[in-house]
file coords-v1.cif (mmCIF, C-alpha atoms and all ligand atoms)
data_final
#
loop_
_atom_site.label_atom_id
_atom_site.label_comp_id
_atom_site.auth_asym_id
_atom_site.auth_seq_id
_atom_site.Cartn_x
_atom_site.Cartn_y
_atom_site.Cartn_z
CA MET A 1 159.05 41.67 173.65
CA ILE A 2 162.58 40.36 173.86
CA GLU A 3 164.16 38.66 176.83
CA LEU A 4 167.84 37.84 177.04
CA ARG A 5 168.96 35.44 179.73
CA GLU A 6 172.63 35.04 180.55
CA LEU A 7 173.56 35.47 176.89
CA CYS A 8 177.20 34.68 176.06
CA ALA A 9 178.75 34.85 172.60
CA GLY A 10 182.08 35.45 170.92
CA TYR A 11 184.30 34.86 167.92
CA GLY A 12 186.63 31.91 167.40
CA GLY A 13 186.53 30.78 171.03
CA ARG A 14 187.07 34.32 172.43
CA GLU A 15 184.08 35.33 174.53
CA ILE A 16 182.94 38.90 173.72
CA LEU A 17 179.53 39.07 175.42
CA HIS A 18 179.40 37.93 179.03
CA ARG A 19 176.13 36.84 180.63
CA ILE A 20 173.86 39.55 179.23
CA SER A 21 170.38 39.58 180.78
CA LEU A 22 167.98 42.24 179.49
CA THR A 23 164.33 42.77 178.61
CA PHE A 24 163.09 44.96 175.76
CA ALA A 25 159.43 45.64 176.44
CA PRO A 26 156.71 46.99 174.11
CA GLY A 27 156.10 50.73 173.92
CA GLN A 28 159.63 51.71 174.94
CA VAL A 29 162.64 53.16 173.18
CA TYR A 30 165.91 51.60 174.38
CA GLY A 31 169.30 53.13 173.65
CA ILE A 32 172.29 50.80 173.79
CA ILE A 33 175.50 52.72 174.29
CA GLY A 34 179.09 51.83 175.06
CA PRO A 35 182.65 52.42 173.82
CA ASN A 36 183.82 51.10 170.44
CA GLY A 37 184.24 47.35 170.37
CA CYS A 38 182.25 46.64 173.56
CA GLY A 39 179.91 44.26 171.73
CA LYS A 40 176.80 46.29 170.83
CA SER A 41 176.53 45.14 167.21
CA THR A 42 177.35 41.57 168.17
CA LEU A 43 174.50 41.67 170.68
CA LEU A 44 171.98 42.79 168.03
CA ARG A 45 173.23 40.08 165.66
CA CYS A 46 172.78 37.46 168.40
CA ILE A 47 169.20 38.60 169.02
CA THR A 48 168.35 38.19 165.34
CA GLY A 49 169.99 34.78 165.03
CA LEU A 50 172.72 36.07 162.70
CA HIS A 51 175.43 35.23 165.22
CA PRO A 52 175.38 32.09 167.38
CA LEU A 53 175.16 32.16 171.17
CA SER A 54 177.75 30.17 173.05
CA SER A 55 175.28 29.89 175.93
CA GLY A 56 172.18 31.54 177.33
CA THR A 57 168.74 32.14 175.89
CA VAL A 58 167.01 34.65 173.60
CA LEU A 59 163.22 34.71 173.81
CA LEU A 60 161.39 36.53 170.99
CA ASP A 61 157.77 37.15 171.98
CA GLY A 62 158.14 34.20 174.35
CA ALA A 63 159.59 31.79 171.76
CA ASP A 64 163.13 30.46 172.09
CA LEU A 65 165.21 31.76 169.18
CA ARG A 66 166.87 28.34 168.81
CA GLY A 67 163.56 26.78 167.79
CA LEU A 68 162.69 29.43 165.19
CA THR A 69 163.39 29.41 161.45
CA PRO A 70 164.85 32.60 159.93
CA ILE A 71 161.40 33.47 158.54
CA GLN A 72 159.75 32.97 161.95
CA THR A 73 162.45 35.16 163.50
CA ALA A 74 161.87 37.86 160.87
CA ARG A 75 158.19 37.93 161.79
CA ARG A 76 159.14 38.77 165.36
CA VAL A 77 162.03 41.16 165.00
CA ALA A 78 163.10 43.64 162.31
CA TYR A 79 166.78 44.50 162.16
CA LEU A 80 168.49 47.39 160.40
CA PRO A 81 172.23 46.63 160.42
CA GLN A 82 174.97 49.23 160.68
CA SER A 83 176.44 49.02 157.19
CA ARG A 84 174.07 48.57 154.34
CA ASN A 85 174.82 48.31 150.67
CA VAL A 86 172.54 50.70 148.86
CA PRO A 87 170.78 48.63 146.22
CA ALA A 88 170.00 50.03 142.76
CA ILE A 89 166.24 49.63 143.13
CA SER A 90 163.43 52.04 143.85
CA ALA A 91 162.71 53.08 147.42
CA GLY A 92 159.23 51.60 147.18
CA ARG A 93 160.58 48.23 146.00
CA LEU A 94 163.07 48.14 148.87
CA ALA A 95 160.39 48.92 151.44
CA LEU A 96 158.26 46.13 149.96
CA HIS A 97 161.03 43.68 150.87
CA GLY A 98 159.92 44.17 154.48
CA ARG A 99 156.91 42.01 153.60
CA PHE A 100 159.03 39.04 152.53
CA ALA A 101 158.76 37.20 155.85
CA HIS A 102 154.96 37.27 155.57
CA LEU A 103 154.72 35.66 152.13
CA SER A 104 153.78 32.04 151.79
CA TYR A 105 154.88 29.87 148.89
CA PRO A 106 155.32 30.82 146.00
CA ARG A 107 156.35 34.07 147.67
CA ARG A 108 154.63 36.55 145.41
CA TYR A 109 153.71 39.93 146.83
CA ARG A 110 149.95 40.33 147.30
CA ARG A 111 147.79 43.42 147.07
CA GLU A 112 147.79 43.77 150.86
CA ASP A 113 151.62 43.76 150.91
CA GLY A 114 151.61 46.72 148.55
CA GLU A 115 149.02 48.45 150.70
CA ILE A 116 150.90 47.89 153.97
CA THR A 117 154.14 49.09 152.35
CA ARG A 118 152.46 52.19 150.93
CA ARG A 119 151.17 53.09 154.39
CA ALA A 120 154.62 52.49 155.91
CA LEU A 121 156.23 54.80 153.32
CA GLU A 122 153.66 57.48 154.06
CA TRP A 123 154.12 57.07 157.77
CA THR A 124 157.90 57.61 157.59
CA GLY A 125 157.55 60.51 155.15
CA ALA A 126 159.13 58.55 152.28
CA ALA A 127 156.10 58.27 149.98
CA ASP A 128 157.12 61.31 147.90
CA PHE A 129 160.30 59.65 146.71
CA ALA A 130 159.08 56.02 146.61
CA SER A 131 159.63 55.78 142.86
CA ARG A 132 163.18 57.11 142.98
CA ASN A 133 166.26 54.91 142.94
CA MET A 134 167.78 54.37 146.39
CA GLN A 135 171.21 55.36 145.08
CA GLU A 136 169.90 58.83 144.19
CA LEU A 137 168.57 59.57 147.68
CA SER A 138 170.23 61.44 150.53
CA GLY A 139 171.24 59.65 153.73
CA GLY A 140 168.21 61.00 155.58
CA GLN A 141 165.83 59.97 152.81
CA ARG A 142 167.35 56.48 152.67
CA GLN A 143 166.97 56.12 156.43
CA ARG A 144 163.24 56.86 156.11
CA VAL A 145 162.96 54.12 153.48
CA TYR A 146 164.77 51.61 155.68
CA LEU A 147 162.46 52.55 158.54
CA ALA A 148 159.47 52.03 156.23
CA MET A 149 160.85 48.60 155.32
CA ALA A 150 161.16 47.74 159.02
CA LEU A 151 157.64 49.00 159.67
CA ALA A 152 156.26 46.98 156.74
CA GLN A 153 157.84 43.89 158.33
CA ASP A 154 155.19 44.34 161.00
CA THR A 155 157.17 43.03 163.98
CA ARG A 156 156.73 43.87 167.63
CA THR A 157 160.40 44.71 167.99
CA ILE A 158 162.67 46.82 165.79
CA LEU A 159 166.45 46.82 166.24
CA MET A 160 168.54 49.53 164.60
CA ASP A 161 172.32 49.70 164.60
CA GLU A 162 173.50 53.33 164.45
CA PRO A 163 170.55 54.67 162.41
CA THR A 164 171.62 58.31 162.77
CA THR A 165 175.24 58.00 161.60
CA TYR A 166 175.99 60.35 158.68
CA LEU A 167 172.74 62.25 159.23
CA ASP A 168 172.60 65.99 159.82
CA ILE A 169 171.23 67.21 163.14
CA GLY A 170 167.71 67.83 161.83
CA SER A 171 167.51 64.37 160.26
CA ARG A 172 168.82 62.83 163.50
CA PHE A 173 166.00 64.39 165.44
CA GLU A 174 163.53 63.19 162.82
CA VAL A 175 164.76 59.59 163.00
CA MET A 176 164.58 59.70 166.79
CA GLY A 177 161.09 61.19 166.56
CA LEU A 178 160.06 58.30 164.30
CA ALA A 179 161.54 55.84 166.81
CA ARG A 180 159.42 57.45 169.52
CA ARG A 181 156.32 57.20 167.35
CA LEU A 182 157.03 53.51 166.69
CA ALA A 183 157.19 52.99 170.46
CA GLY A 184 153.93 54.93 170.69
CA MET A 185 152.40 52.27 168.43
CA GLY A 186 153.36 49.68 171.05
CA LYS A 187 156.61 48.43 169.52
CA ALA A 188 159.85 47.85 171.37
CA VAL A 189 162.48 49.98 169.62
CA VAL A 190 166.13 49.20 170.33
CA LEU A 191 168.77 51.59 169.01
CA VAL A 192 172.53 51.28 169.14
CA LEU A 193 173.85 54.82 169.11
CA HIS A 194 177.09 56.70 169.71
CA ASP A 195 175.36 60.06 170.13
CA LEU A 196 174.95 60.11 173.90
CA GLU A 197 173.04 63.40 174.00
CA LEU A 198 170.50 62.01 171.56
CA VAL A 199 170.12 58.77 173.52
CA LEU A 200 169.68 60.52 176.85
CA ARG A 201 167.12 62.86 175.35
CA TYR A 202 164.99 60.35 173.45
CA ALA A 203 165.33 56.92 175.05
CA ASP A 204 163.00 55.70 177.78
CA ARG A 205 165.70 53.38 179.01
CA VAL A 206 169.42 53.22 178.41
CA VAL A 207 171.62 50.14 178.38
CA VAL A 208 175.26 50.98 179.12
CA MET A 209 177.72 48.34 177.94
CA ASN A 210 181.44 48.06 178.50
CA GLY A 211 183.79 45.15 177.88
CA GLY A 212 180.94 42.90 176.76
CA ARG A 213 178.95 43.39 179.96
CA VAL A 214 175.91 45.46 180.91
CA LYS A 215 177.16 48.08 183.36
CA ALA A 216 173.83 49.82 183.89
CA GLU A 217 170.26 49.72 182.62
CA GLY A 218 167.49 52.15 183.41
CA PRO A 219 166.03 55.59 182.68
CA PRO A 220 168.53 58.25 181.51
CA ASP A 221 168.35 60.05 184.85
CA GLU A 222 169.49 56.93 186.69
CA VAL A 223 172.25 55.70 184.41
CA TYR A 224 173.99 58.92 183.35
CA PRO A 225 176.45 59.01 186.31
CA CYS A 226 178.10 55.78 185.16
CA LEU A 227 178.99 57.31 181.77
CA ARG A 228 181.88 59.17 183.39
CA ASN A 229 183.88 56.02 184.00
CA CYS A 230 182.56 54.12 181.03
CA PHE A 231 183.61 56.72 178.44
CA GLY A 232 186.20 58.63 180.46
CA VAL A 233 184.31 61.95 180.15
CA GLU A 234 182.65 64.49 182.42
CA VAL A 235 178.86 64.47 182.22
CA CYS A 236 176.76 67.47 183.13
CA ARG A 237 173.00 67.22 183.68
CA ILE A 238 171.20 70.45 182.79
CA PRO A 239 167.53 70.80 183.77
CA SER A 240 165.68 73.40 181.70
CA PRO A 241 162.07 74.41 181.01
CA GLU A 242 162.29 72.36 177.76
CA GLY A 243 163.41 69.23 179.60
CA VAL A 244 166.66 67.77 180.87
CA PHE A 245 169.78 68.02 178.70
CA TYR A 246 173.19 66.44 179.12
CA SER A 247 176.52 67.78 177.97
CA PHE A 248 179.86 66.02 177.80
CA SER A 249 183.41 67.30 178.13
CA PRO A 250 186.91 65.85 178.63
CA ARG A 251 187.66 64.48 182.11
CA HIS A 252 189.10 67.13 184.48
CA ASP A 253 191.69 64.64 185.71
CA GLY A 254 192.50 63.40 182.15
N1 LIG A 301 183.70 38.91 162.59
C1 LIG A 301 184.46 39.09 163.67
N2 LIG A 301 185.49 38.25 163.94
C2 LIG A 301 186.23 38.41 165.07
N3 LIG A 301 186.04 39.37 165.97
C3 LIG A 301 185.03 40.23 165.76
C4 LIG A 301 184.18 40.14 164.61
N4 LIG A 301 183.27 41.13 164.66
C5 LIG A 301 183.53 41.82 165.79
N5 LIG A 301 184.58 41.28 166.44
C6 LIG A 301 185.15 41.76 167.72
O1 LIG A 301 184.13 41.70 168.69
C7 LIG A 301 184.20 42.83 169.56
C8 LIG A 301 182.86 43.52 169.58
O2 LIG A 301 182.59 44.05 168.29
P1 LIG A 301 181.22 44.81 167.97
O3 LIG A 301 181.26 45.22 166.55
O4 LIG A 301 180.11 43.99 168.45
O5 LIG A 301 181.37 46.08 168.93
P2 LIG A 301 180.56 47.45 168.92
O6 LIG A 301 180.35 47.81 170.35
O7 LIG A 301 179.37 47.34 168.04
O8 LIG A 301 181.63 48.42 168.26
P3 LIG A 301 181.47 49.84 167.51
O9 LIG A 301 180.90 50.80 168.51
O10 LIG A 301 182.87 50.18 167.13
O11 LIG A 301 180.57 49.62 166.31
C9 LIG A 301 185.38 43.68 169.05
O12 LIG A 301 186.52 43.36 169.84
C10 LIG A 301 185.57 43.22 167.63
O13 LIG A 301 186.91 43.33 167.24
#

call {"tool": "encode", "arguments": {"input": "coords-v1.cif", "output": "structure tokens"}}
result
Amino acid sequence: MIELRELCAGYGGREILHRISLTFAPGQVYGIIGPNGCGKSTLLRCITGLHPLSSGTVLLDGADLRGLTPIQTARRVAYLPQSRNVPAISAGRLALHGRFAHLSYPRRYRREDGEITRRALEWTGAADFASRNMQELSGGQRQRVYLAMALAQDTRTILMDEPTTYLDIGSRFEVMGLARRLAGMGKAVVLVLHDLELVLRYADRVVVMNGGRVKAEGPPDEVYPCLRNCFGVEVCRIPSPEGVFYSFSPRHDG
């Protein structure tokens, strides 16, 4: 569970995030959307303690982020950043790194860390290529390994910054399906995404940001009207027997 209260942050004295108050509750998938540069990645970095707040509060499972060490933070929240260097190690070894926050001195991996990681790799469908080098894997395969690493970290909240970028449509659906299953396990899953159709289809709740502020927060059905102004596009809601779909087109008055 994550609670943000009046969070403000910026760069070099320029405020980028303005009084953000949000809750990310267990068992839910949250999609954070908003135009380029509106502050989505900065927000995730603030939540994980990688970027300082200028004011406000972040509570991770009830504990104030300011009083937590990086290891204590990593036991509460897993974070998959937007750009990742692909290390020249095996997929299994990378996923094992998710256990790092749970090691006590002298920080050697124990049998149970291997076991937890193995289960995480199986769960994300990455076990078959666990022995292969990360640099040899496709984007979709790598994403499964990163998800396994996040799962092995065994946190109540998982934050992912654009996890579907560069993935083909089938792999996108698979990653979103995995996010839904993580929520089904009782985790809070927070995704920053540019693919609005995917967000509206898979997220339980959508956070719409613009200019460093939260413009709307709620179920897709409630927030979709505000996307017109936020992104300058027409939004069409299409009910069907398979569920509700949304399609986007250029503004009629544009
Ligand atoms: N290291 C930095 N130093 C100064 N300004 C920065 C830095 N990183 C980001 N910014 C600025 O902060 C604002 C928010 O950036 P951020 O990356 O959080 O936005 P975003 O919504 O994630 O964007 P995108 O959708 O393009 O990934 C932008 O104006 C950006 O130029």

call {"tool": "residues_near_ligand", "arguments": {"input": "coords-v1.cif", "ligand": "ligand LIG 301 (chain A)", "cutoff": "10 Å", "atoms": "only C-alpha atoms and all ligand atoms", "output": "count of residues only"}}
result
35

call {"tool": "atom_distance", "arguments": {"input": "coords-v1.cif", "atom1": "atom CA of A:Leu159", "atom2": "atom CA of A:Val190"}}
result
4.7 Å

call {"tool": "closest_residue", "arguments": {"input": "coords-v1.cif", "among": "A:Ala130, A:Gly31, A:Cys8, A:Glu174", "to": "A:Gly218", "atoms": "all atoms listed in the file"}}
result
A:Gly31

call {"tool": "residues_around", "arguments": {"input": "coords-v1.cif", "residues": "A:Arg75", "least_positions_apart": "5", "cutoff": "8 Å", "atoms": "all atoms listed in the file", "output": "list in words"}}
result
Ala101, His102, Gln153, Asp154 and Thr155 of chain A

call {"tool": "atom_distance", "arguments": {"input": "coords-v1.cif", "atom1": "atom CA of A:Met185", "atom2": "atom CA of A:Ala150"}}
result
13.6 Å

call {"tool": "residues_around", "arguments": {"input": "coords-v1.cif", "residues": "A:Arg111", "least_positions_apart": "6", "cutoff": "12 Å", "atoms": "all atoms listed in the file", "output": "list in words"}}
result
Leu96, Arg99, Leu103, Thr117 and Arg118 of chain A

call {"tool": "residues_around", "arguments": {"input": "coords-v1.cif", "residues": "A:Glu122", "least_positions_apart": "4", "cutoff": "12 Å", "atoms": "all atoms listed in the file", "output": "PyMOL selection string"}}
result
chain A and resi 92+95+115-118+126-130+144-145+147-149+151-152

call {"tool": "atom_distance", "arguments": {"input": "coords-v1.cif", "atom1": "atom CA of A:Arg205", "atom2": "atom CA of A:Thr73"}}
result
24.1 Å

call {"tool": "closest_residue", "arguments": {"input": "coords-v1.cif", "among": "A:Pro81, A:Leu227, A:Lys215, A:Ile47", "to": "A:Arg66", "atoms": "all atoms listed in the file"}}
result
A:Ile47

call {"tool": "closest_atom_pairs", "arguments": {"input": "coords-v1.cif", "of": "stretch 106-218 of chain A", "to": "stretch 23-26 of chain A", "cutoff": "9 Å", "atoms": "all atoms listed in the file", "output": "CSV"}}
result
residue,atom,partner,partner_atom,distance
A:Arg156,CA,A:Pro26,CA,7.2
A:Thr157,CA,A:Pro26,CA,7.5
A:Ala183,CA,A:Pro26,CA,7.0
A:Met185,CA,A:Pro26,CA,8.9
A:Gly186,CA,A:Pro26,CA,5.3
A:Lys187,CA,A:Pro26,CA,4.8
A:Ala188,CA,A:Pro26,CA,4.3
A:Val189,CA,A:Pro26,CA,7.9
A:Val190,CA,A:Phe24,CA,7.5

call {"tool": "decode", "arguments": {"input": "coords-v1.cif", "residues": "stretch 92-123 of chain A", "atoms": "N, CA and C atoms", "output": "PDB file, in the first residue's frame"}}
result
ATOM      1  N   GLY A  92      18.471 -16.081 -15.173  1.00  0.00           N
ATOM      2  CA  GLY A  92      18.256 -16.584 -13.814  1.00  0.00           C
ATOM      3  C   GLY A  92      19.029 -15.780 -12.785  1.00  0.00           C
ATOM      4  N   ARG A  93      20.268 -15.418 -13.142  1.00  0.00           N
ATOM      5  CA  ARG A  93      21.122 -14.641 -12.219  1.00  0.00           C
ATOM      6  C   ARG A  93      20.500 -13.257 -11.994  1.00  0.00           C
ATOM      7  N   LEU A  94      20.001 -12.668 -13.075  1.00  0.00           N
ATOM      8  CA  LEU A  94      19.388 -11.338 -12.946  1.00  0.00           C
ATOM      9  C   LEU A  94      18.164 -11.407 -12.030  1.00  0.00           C
ATOM     10  N   ALA A  95      17.334 -12.410 -12.256  1.00  0.00           N
ATOM     11  CA  ALA A  95      16.116 -12.527 -11.434  1.00  0.00           C
ATOM     12  C   ALA A  95      16.484 -12.722  -9.956  1.00  0.00           C
ATOM     13  N   LEU A  96      17.594 -13.421  -9.723  1.00  0.00           N
ATOM     14  CA  LEU A  96      18.044 -13.655  -8.343  1.00  0.00           C
ATOM     15  C   LEU A  96      18.371 -12.332  -7.637  1.00  0.00           C
ATOM     16  N   HIS A  97      18.793 -11.330  -8.414  1.00  0.00           N
ATOM     17  CA  HIS A  97      19.105 -10.023  -7.821  1.00  0.00           C
ATOM     18  C   HIS A  97      17.903  -9.432  -7.090  1.00  0.00           C
ATOM     19  N   GLY A  98      16.700  -9.877  -7.457  1.00  0.00           N
ATOM     20  CA  GLY A  98      15.507  -9.407  -6.755  1.00  0.00           C
ATOM     21  C   GLY A  98      15.538  -9.752  -5.271  1.00  0.00           C
ATOM     22  N   ARG A  99      16.342 -10.754  -4.919  1.00  0.00           N
ATOM     23  CA  ARG A  99      16.396 -11.192  -3.518  1.00  0.00           C
ATOM     24  C   ARG A  99      17.361 -10.350  -2.680  1.00  0.00           C
ATOM     25  N   PHE A 100      18.114  -9.464  -3.343  1.00  0.00           N
ATOM     26  CA  PHE A 100      19.206  -8.775  -2.655  1.00  0.00           C
ATOM     27  C   PHE A 100      18.748  -8.071  -1.380  1.00  0.00           C
ATOM     28  N   ALA A 101      17.579  -7.408  -1.467  1.00  0.00           N
ATOM     29  CA  ALA A 101      17.110  -6.630  -0.313  1.00  0.00           C
ATOM     30  C   ALA A 101      16.791  -7.517   0.889  1.00  0.00           C
ATOM     31  N   HIS A 102      16.673  -8.814   0.667  1.00  0.00           N
ATOM     32  CA  HIS A 102      16.294  -9.709   1.769  1.00  0.00           C
ATOM     33  C   HIS A 102      17.497 -10.412   2.391  1.00  0.00           C
ATOM     34  N   LEU A 103      18.691 -10.125   1.871  1.00  0.00           N
ATOM     35  CA  LEU A 103      19.880 -10.804   2.405  1.00  0.00           C
ATOM     36  C   LEU A 103      20.415 -10.048   3.611  1.00  0.00           C
ATOM     37  N   SER A 104      20.847 -10.791   4.604  1.00  0.00           N
ATOM     38  CA  SER A 104      21.525 -10.116   5.703  1.00  0.00           C
ATOM     39  C   SER A 104      23.025 -10.340   5.518  1.00  0.00           C
ATOM     40  N   TYR A 105      23.823  -9.586   6.249  1.00  0.00           N
ATOM     41  CA  TYR A 105      25.264  -9.687   6.118  1.00  0.00           C
ATOM     42  C   TYR A 105      25.698 -11.150   6.302  1.00  0.00           C
ATOM     43  N   PRO A 106      26.561 -11.696   5.511  1.00  0.00           N
ATOM     44  CA  PRO A 106      27.431 -11.118   4.473  1.00  0.00           C
ATOM     45  C   PRO A 106      26.820 -11.143   3.076  1.00  0.00           C
ATOM     46  N   ARG A 107      25.525 -11.070   2.991  1.00  0.00           N
ATOM     47  CA  ARG A 107      24.843 -10.952   1.704  1.00  0.00           C
ATOM     48  C   ARG A 107      25.196 -12.062   0.717  1.00  0.00           C
ATOM     49  N   ARG A 108      25.083 -13.269   1.176  1.00  0.00           N
ATOM     50  CA  ARG A 108      25.203 -14.416   0.253  1.00  0.00           C
ATOM     51  C   ARG A 108      23.803 -14.966   0.011  1.00  0.00           C
ATOM     52  N   TYR A 109      23.552 -15.358  -1.235  1.00  0.00           N
ATOM     53  CA  TYR A 109      22.241 -15.927  -1.543  1.00  0.00           C
ATOM     54  C   TYR A 109      22.089 -17.280  -0.867  1.00  0.00           C
ATOM     55  N   ARG A 110      20.919 -17.509  -0.276  1.00  0.00           N
ATOM     56  CA  ARG A 110      20.648 -18.771   0.424  1.00  0.00           C
ATOM     57  C   ARG A 110      19.834 -19.689  -0.475  1.00  0.00           C
ATOM     58  N   ARG A 111      19.670 -20.906  -0.024  1.00  0.00           N
ATOM     59  CA  ARG A 111      18.892 -21.881  -0.798  1.00  0.00           C
ATOM     60  C   ARG A 111      17.477 -21.345  -1.067  1.00  0.00           C
ATOM     61  N   GLU A 112      16.871 -20.734  -0.047  1.00  0.00           N
ATOM     62  CA  GLU A 112      15.496 -20.251  -0.225  1.00  0.00           C
ATOM     63  C   GLU A 112      15.422 -19.124  -1.257  1.00  0.00           C
ATOM     64  N   ASP A 113      16.501 -18.334  -1.403  1.00  0.00           N
ATOM     65  CA  ASP A 113      16.490 -17.278  -2.425  1.00  0.00           C
ATOM     66  C   ASP A 113      16.436 -17.891  -3.823  1.00  0.00           C
ATOM     67  N   GLY A 114      17.215 -18.964  -3.988  1.00  0.00           N
ATOM     68  CA  GLY A 114      17.192 -19.678  -5.266  1.00  0.00           C
ATOM     69  C   GLY A 114      15.822 -20.261  -5.545  1.00  0.00           C
ATOM     70  N   GLU A 115      15.199 -20.791  -4.500  1.00  0.00           N
ATOM     71  CA  GLU A 115      13.887 -21.423  -4.643  1.00  0.00           C
ATOM     72  C   GLU A 115      12.813 -20.383  -5.003  1.00  0.00           C
ATOM     73  N   ILE A 116      12.839 -19.265  -4.294  1.00  0.00           N
ATOM     74  CA  ILE A 116      11.857 -18.193  -4.560  1.00  0.00           C
ATOM     75  C   ILE A 116      12.039 -17.668  -5.990  1.00  0.00           C
ATOM     76  N   THR A 117      13.299 -17.497  -6.393  1.00  0.00           N
ATOM     77  CA  THR A 117      13.574 -16.982  -7.744  1.00  0.00           C
ATOM     78  C   THR A 117      13.119 -17.980  -8.806  1.00  0.00           C
ATOM     79  N   ARG A 118      13.369 -19.263  -8.549  1.00  0.00           N
ATOM     80  CA  ARG A 118      12.957 -20.292  -9.512  1.00  0.00           C
ATOM     81  C   ARG A 118      11.434 -20.239  -9.705  1.00  0.00           C
ATOM     82  N   ARG A 119      10.717 -20.112  -8.598  1.00  0.00           N
ATOM     83  CA  ARG A 119       9.255 -20.048  -8.695  1.00  0.00           C
ATOM     84  C   ARG A 119       8.808 -18.792  -9.456  1.00  0.00           C
ATOM     85  N   ALA A 120       9.516 -17.681  -9.201  1.00  0.00           N
ATOM     86  CA  ALA A 120       9.159 -16.420  -9.888  1.00  0.00           C
ATOM     87  C   ALA A 120       9.385 -16.556 -11.396  1.00  0.00           C
ATOM     88  N   LEU A 121      10.488 -17.205 -11.777  1.00  0.00           N
ATOM     89  CA  LEU A 121      10.779 -17.398 -13.210  1.00  0.00           C
ATOM     90  C   LEU A 121       9.732 -18.299 -13.856  1.00  0.00           C
ATOM     91  N   GLU A 122       9.310 -19.306 -13.125  1.00  0.00           N
ATOM     92  CA  GLU A 122       8.263 -20.190 -13.653  1.00  0.00           C
ATOM     93  C   GLU A 122       6.963 -19.419 -13.816  1.00  0.00           C
ATOM     94  N   TRP A 123       6.664 -18.647 -12.805  1.00  0.00           N
ATOM     95  CA  TRP A 123       5.402 -17.926 -12.774  1.00  0.00           C
ATOM     96  C   TRP A 123       5.285 -16.955 -13.950  1.00  0.00           C
TER      97      TRP A 123
END
